Amino acid sequence: MYSTASLSAESTVAFTDSFEGSSLSGKKESIKAGNNSGRVIVKVINTVSKTTLAKAFQEIDGLTTIDFENRGNKLQDIGIIDPEKHNKYLFPSTVTFDASGKLSDTEVFDKNFKPNTDSINKMCKEALQTMGRKLHWRNCTVEAWCSLLRYPFTSEQTLICNMPWHRDLCTLSMTTLLSPYNQNDNGFCGGALSFAKDSNVSGTLPRSSSGIPEKATIKTFEYKEQGDGFIFDSINTLHKVEKMYVLNEEKLKERSVQRLLLVCFTNPSEDDVRHLSVALGEENLA
């Protein structure tokens with residue numbers, strides 16, 4: 001997912017050496033070279049609670065946005081980060097998962113948010129907790145930061161398409177669909193997420209955010225409903241957002257429609273992601 005922030009592609013915070021009790025424990029020796037080695041695609045549901053999401057929506061509508069274009073599509077980055085804290089000392093930030101897998105130390109992470117965005121902060125931490133629980137993260141500290149992206153449908157933009165194949169500038173991301181498909185007696189359709197192996201992947205960091213997909217490896221998955229998400233790597237995997245369009249163009253004259261996406265970026269080491277790709281077993285859709 002695209003964000004306007006400039007991020008480092010190389011993690012500076014490593015997991016602890018001990019993965020006791022996690023899905024990674026005892027799995028490192030099973031890694032073998034293969035087409036999907038190191039690739040991760042995992043479906044997640046109910047990423048955040050409906051109560052938390054409803055409260056976050058009240059704050060989101062009042063935040064400033066940064067408009068930008070991607071292949072002619074008009075998008076918005078919603079400003080949840082305090083500009084005064086947006087610097088190399090506090091961004092990216094870190095979160096810690098304790099021995100039971102519970103999100104514990106979030107002090108640095110919390111400092112990044114703008115004042116009066118408590119519900120959005122809570123939503124982001126719930127999403128990270130869901131991500132950590134799904135991946136069985138225990139006894140580890142990882143770089144983590146979040147972004148909110150809006151895909152607006154207006155009378156001038158009824159279709160969003162031709163989005164590029166790309167990778168995020170981190171090692172593992174999780175996207176969550178926050179907005180319902182049906183809105184204000186209208187709504188939108190489409191916006192599935194496609195994944196593919198990068199045919200031009202480099203073994204050295206930092207990697208380019210762009211790439212060339214191997215056509216035979218392309219897989220497309222839909223967000224079935226509000227709160228659905230996907231966890232995926234950006235080491236060997238590219239992704240793109242598929243075409244989406246508004247259901248009733250005439251009703252846009254009365255009220256706009258939006259596709260709202262929460263993106264959680266994390267930076268475990270590449271070795272940890274490769275171990276994870278094996279440890280996930282059949283849950284890994286790559």
# chains A, B, ... in the order shown; residues from 1 in each chain; ligands from 1
>>> select_by_dssp(residues="region 40-242 of chain A", states="helix (DSSP H, G or I)", output="PDB file with N, CA and C atoms, in the first residue's frame")
ATOM      1  N   LYS A  50     -15.965  -3.765  16.212  1.00  0.00           N
ATOM      2  CA  LYS A  50     -16.905  -2.807  15.627  1.00  0.00           C
ATOM      3  C   LYS A  50     -17.042  -1.566  16.497  1.00  0.00           C
ATOM      4  N   THR A  51     -16.968  -1.736  17.816  1.00  0.00           N
ATOM      5  CA  THR A  51     -17.060  -0.599  18.726  1.00  0.00           C
ATOM      6  C   THR A  51     -15.885   0.349  18.539  1.00  0.00           C
ATOM      7  N   THR A  52     -14.685  -0.211  18.496  1.00  0.00           N
ATOM      8  CA  THR A  52     -13.483   0.601  18.287  1.00  0.00           C
ATOM      9  C   THR A  52     -13.531   1.286  16.929  1.00  0.00           C
ATOM     10  N   LEU A  53     -13.965   0.563  15.918  1.00  0.00           N
ATOM     11  CA  LEU A  53     -14.026   1.115  14.571  1.00  0.00           C
ATOM     12  C   LEU A  53     -15.012   2.283  14.501  1.00  0.00           C
ATOM     13  N   ALA A  54     -16.164   2.141  15.146  1.00  0.00           N
ATOM     14  CA  ALA A  54     -17.168   3.211  15.126  1.00  0.00           C
ATOM     15  C   ALA A  54     -16.630   4.483  15.773  1.00  0.00           C
ATOM     16  N   LYS A  55     -15.907   4.341  16.876  1.00  0.00           N
ATOM     17  CA  LYS A  55     -15.334   5.509  17.545  1.00  0.00           C
ATOM     18  C   LYS A  55     -14.218   6.128  16.706  1.00  0.00           C
ATOM     19  N   ALA A  56     -13.422   5.283  16.052  1.00  0.00           N
ATOM     20  CA  ALA A  56     -12.332   5.800  15.211  1.00  0.00           C
ATOM     21  C   ALA A  56     -12.881   6.601  14.038  1.00  0.00           C
ATOM     22  N   PHE A  57     -13.988   6.150  13.466  1.00  0.00           N
ATOM     23  CA  PHE A  57     -14.584   6.860  12.335  1.00  0.00           C
ATOM     24  C   PHE A  57     -14.946   8.294  12.715  1.00  0.00           C
ATOM     25  N   GLN A  58     -15.391   8.504  13.939  1.00  0.00           N
ATOM     26  CA  GLN A  58     -15.746   9.850  14.378  1.00  0.00           C
ATOM     27  C   GLN A  58     -14.533  10.767  14.361  1.00  0.00           C
ATOM     28  N   GLU A  59     -13.351  10.241  14.679  1.00  0.00           N
ATOM     29  CA  GLU A  59     -12.131  11.045  14.661  1.00  0.00           C
ATOM     30  C   GLU A  59     -11.582  11.205  13.245  1.00  0.00           C
ATOM     31  N   ILE A  60     -11.688  10.156  12.442  1.00  0.00           N
ATOM     32  CA  ILE A  60     -11.125  10.185  11.089  1.00  0.00           C
ATOM     33  C   ILE A  60     -11.723  11.317  10.262  1.00  0.00           C
ATOM     34  N   PRO A  83       2.920  15.797  13.251  1.00  0.00           N
ATOM     35  CA  PRO A  83       4.062  16.249  12.429  1.00  0.00           C
ATOM     36  C   PRO A  83       5.303  16.544  13.263  1.00  0.00           C
ATOM     37  N   GLU A  84       5.123  17.020  14.491  1.00  0.00           N
ATOM     38  CA  GLU A  84       6.274  17.357  15.326  1.00  0.00           C
ATOM     39  C   GLU A  84       7.001  16.104  15.823  1.00  0.00           C
ATOM     40  N   LYS A  85       6.318  14.959  15.787  1.00  0.00           N
ATOM     41  CA  LYS A  85       6.942  13.704  16.237  1.00  0.00           C
ATOM     42  C   LYS A  85       7.414  12.853  15.065  1.00  0.00           C
ATOM     43  N   GLU A 107       4.833   2.421  24.325  1.00  0.00           N
ATOM     44  CA  GLU A 107       5.081   3.810  24.715  1.00  0.00           C
ATOM     45  C   GLU A 107       5.591   4.652  23.550  1.00  0.00           C
ATOM     46  N   VAL A 108       6.581   4.146  22.821  1.00  0.00           N
ATOM     47  CA  VAL A 108       7.130   4.909  21.693  1.00  0.00           C
ATOM     48  C   VAL A 108       6.100   5.017  20.574  1.00  0.00           C
ATOM     49  N   PHE A 109       5.388   3.945  20.321  1.00  0.00           N
ATOM     50  CA  PHE A 109       4.347   3.927  19.297  1.00  0.00           C
ATOM     51  C   PHE A 109       3.283   4.984  19.597  1.00  0.00           C
ATOM     52  N   ASP A 110       2.871   5.086  20.867  1.00  0.00           N
ATOM     53  CA  ASP A 110       1.812   6.018  21.258  1.00  0.00           C
ATOM     54  C   ASP A 110       2.211   7.475  21.039  1.00  0.00           C
ATOM     55  N   LYS A 111       3.483   7.780  21.173  1.00  0.00           N
ATOM     56  CA  LYS A 111       3.939   9.166  21.053  1.00  0.00           C
ATOM     57  C   LYS A 111       3.793   9.729  19.641  1.00  0.00           C
ATOM     58  N   ASP A 118      -7.204   9.365  20.170  1.00  0.00           N
ATOM     59  CA  ASP A 118      -7.109   8.192  21.049  1.00  0.00           C
ATOM     60  C   ASP A 118      -7.786   6.965  20.454  1.00  0.00           C
ATOM     61  N   SER A 119      -8.937   7.171  19.811  1.00  0.00           N
ATOM     62  CA  SER A 119      -9.669   6.028  19.253  1.00  0.00           C
ATOM     63  C   SER A 119      -8.932   5.430  18.063  1.00  0.00           C
ATOM     64  N   ILE A 120      -8.279   6.288  17.281  1.00  0.00           N
ATOM     65  CA  ILE A 120      -7.491   5.785  16.146  1.00  0.00           C
ATOM     66  C   ILE A 120      -6.275   5.030  16.659  1.00  0.00           C
ATOM     67  N   ASN A 121      -5.643   5.567  17.705  1.00  0.00           N
ATOM     68  CA  ASN A 121      -4.521   4.870  18.328  1.00  0.00           C
ATOM     69  C   ASN A 121      -4.960   3.486  18.799  1.00  0.00           C
ATOM     70  N   LYS A 122      -6.118   3.412  19.459  1.00  0.00           N
ATOM     71  CA  LYS A 122      -6.622   2.132  19.945  1.00  0.00           C
ATOM     72  C   LYS A 122      -6.909   1.189  18.780  1.00  0.00           C
ATOM     73  N   MET A 123      -7.489   1.707  17.714  1.00  0.00           N
ATOM     74  CA  MET A 123      -7.775   0.886  16.540  1.00  0.00           C
ATOM     75  C   MET A 123      -6.485   0.291  15.961  1.00  0.00           C
ATOM     76  N   CYS A 124      -5.451   1.118  15.861  1.00  0.00           N
ATOM     77  CA  CYS A 124      -4.177   0.640  15.313  1.00  0.00           C
ATOM     78  C   CYS A 124      -3.574  -0.442  16.195  1.00  0.00           C
ATOM     79  N   LYS A 125      -3.659  -0.262  17.502  1.00  0.00           N
ATOM     80  CA  LYS A 125      -3.091  -1.273  18.410  1.00  0.00           C
ATOM     81  C   LYS A 125      -3.906  -2.558  18.400  1.00  0.00           C
ATOM     82  N   GLU A 126      -5.206  -2.459  18.256  1.00  0.00           N
ATOM     83  CA  GLU A 126      -6.015  -3.670  18.111  1.00  0.00           C
ATOM     84  C   GLU A 126      -5.617  -4.424  16.851  1.00  0.00           C
ATOM     85  N   ALA A 127      -5.392  -3.681  15.767  1.00  0.00           N
ATOM     86  CA  ALA A 127      -4.989  -4.318  14.507  1.00  0.00           C
ATOM     87  C   ALA A 127      -3.628  -4.998  14.662  1.00  0.00           C
ATOM     88  N   LEU A 128      -2.686  -4.323  15.300  1.00  0.00           N
ATOM     89  CA  LEU A 128      -1.366  -4.922  15.515  1.00  0.00           C
ATOM     90  C   LEU A 128      -1.451  -6.140  16.423  1.00  0.00           C
ATOM     91  N   GLN A 129      -2.341  -6.086  17.439  1.00  0.00           N
ATOM     92  CA  GLN A 129      -2.540  -7.249  18.298  1.00  0.00           C
ATOM     93  C   GLN A 129      -3.076  -8.430  17.497  1.00  0.00           C
ATOM     94  N   THR A 130      -4.036  -8.160  16.608  1.00  0.00           N
ATOM     95  CA  THR A 130      -4.579  -9.220  15.757  1.00  0.00           C
ATOM     96  C   THR A 130      -3.490  -9.794  14.852  1.00  0.00           C
ATOM     97  N   MET A 131      -2.674  -8.922  14.296  1.00  0.00           N
ATOM     98  CA  MET A 131      -1.578  -9.360  13.431  1.00  0.00           C
ATOM     99  C   MET A 131      -0.607 -10.241  14.210  1.00  0.00           C
ATOM    100  N   GLY A 132      -0.216  -9.794  15.412  1.00  0.00           N
ATOM    101  CA  GLY A 132       0.708 -10.566  16.228  1.00  0.00           C
ATOM    102  C   GLY A 132       0.137 -11.900  16.653  1.00  0.00           C
ATOM    103  N   ARG A 133      -1.161 -11.909  16.984  1.00  0.00           N
ATOM    104  CA  ARG A 133      -1.802 -13.163  17.394  1.00  0.00           C
ATOM    105  C   ARG A 133      -1.863 -14.138  16.224  1.00  0.00           C
ATOM    106  N   LYS A 134      -2.176 -13.634  15.044  1.00  0.00           N
ATOM    107  CA  LYS A 134      -2.263 -14.489  13.860  1.00  0.00           C
ATOM    108  C   LYS A 134      -0.909 -15.107  13.517  1.00  0.00           C
ATOM    109  N   LYS A 215       3.612 -13.775 -13.997  1.00  0.00           N
ATOM    110  CA  LYS A 215       2.191 -13.953 -14.286  1.00  0.00           C
ATOM    111  C   LYS A 215       1.633 -15.264 -13.739  1.00  0.00           C
ATOM    112  N   ALA A 216       2.437 -16.308 -13.765  1.00  0.00           N
ATOM    113  CA  ALA A 216       1.955 -17.622 -13.313  1.00  0.00           C
ATOM    114  C   ALA A 216       1.712 -17.665 -11.809  1.00  0.00           C
ATOM    115  N   THR A 217       2.234 -16.693 -11.075  1.00  0.00           N
ATOM    116  CA  THR A 217       2.096 -16.710  -9.609  1.00  0.00           C
ATOM    117  C   THR A 217       1.016 -15.758  -9.101  1.00  0.00           C
TER     118      THR A 217
END
>>> select_by_dssp(residues="region 39-253 of chain A", states="strand (DSSP E or B)", output="VMD selection string")
chain A and resid 41 to 44 65 to 70 73 to 78 81 93 to 97 103 113 140 to 154 157 159 to 160 166 172 to 177 182 to 183 186 to 190 193 to 198 213 219 to 221 229 to 233 237 to 241 244 to 246
>>> residues_around(residues="region 63-74 of chain A", least_positions_apart="3", cutoff="8 Å", atoms="only C-alpha atoms", output="list in words")
Glu59, Ile60, Asp77, Ile78, Gly79, Ile80, Tyr151, Pro152, Gln157, Ile160, Cys161, Asn162, Met163 and Pro164 of chain A
>>> closest_residue(among="A:Leu262, A:Met174, A:Ala279, A:Ile81", to="His136 (chain A)", atoms="only C-alpha atoms")
A:Ala279
>>> closest_residue(among="A:Asn284, A:Ser173, A:Asn200, A:Asn186", to="Ile231 (chain A)", atoms="only C-alpha atoms")
A:Ser173
>>> atom_distance(atom1="CA of Ile45 (chain A)", atom2="CA of Asp271 (chain A)")
26.4 Å
>>> residues_around(residues="Val246 (chain A)", least_positions_apart="2", cutoff="6 Å", atoms="only C-alpha atoms", output="tab-separated table (two decimals) with N, CA and C atoms, in the first residue's frame")
chain	number	residue	atom	x	y	z
A	158	THR	N	-15.34	8.35	-10.42
A	158	THR	CA	-16.28	7.24	-10.18
A	158	THR	C	-15.60	5.89	-10.34
A	187	GLY	N	-22.61	2.93	-2.64
A	187	GLY	CA	-21.49	2.08	-2.25
A	187	GLY	C	-20.50	1.90	-3.37
A	188	PHE	N	-19.60	0.95	-3.19
A	188	PHE	CA	-18.60	0.69	-4.22
A	188	PHE	C	-18.41	-0.81	-4.37
A	248	ASN	N	-23.55	3.77	-7.84
A	248	ASN	CA	-24.54	4.68	-8.41
A	248	ASN	C	-23.92	6.06	-8.55
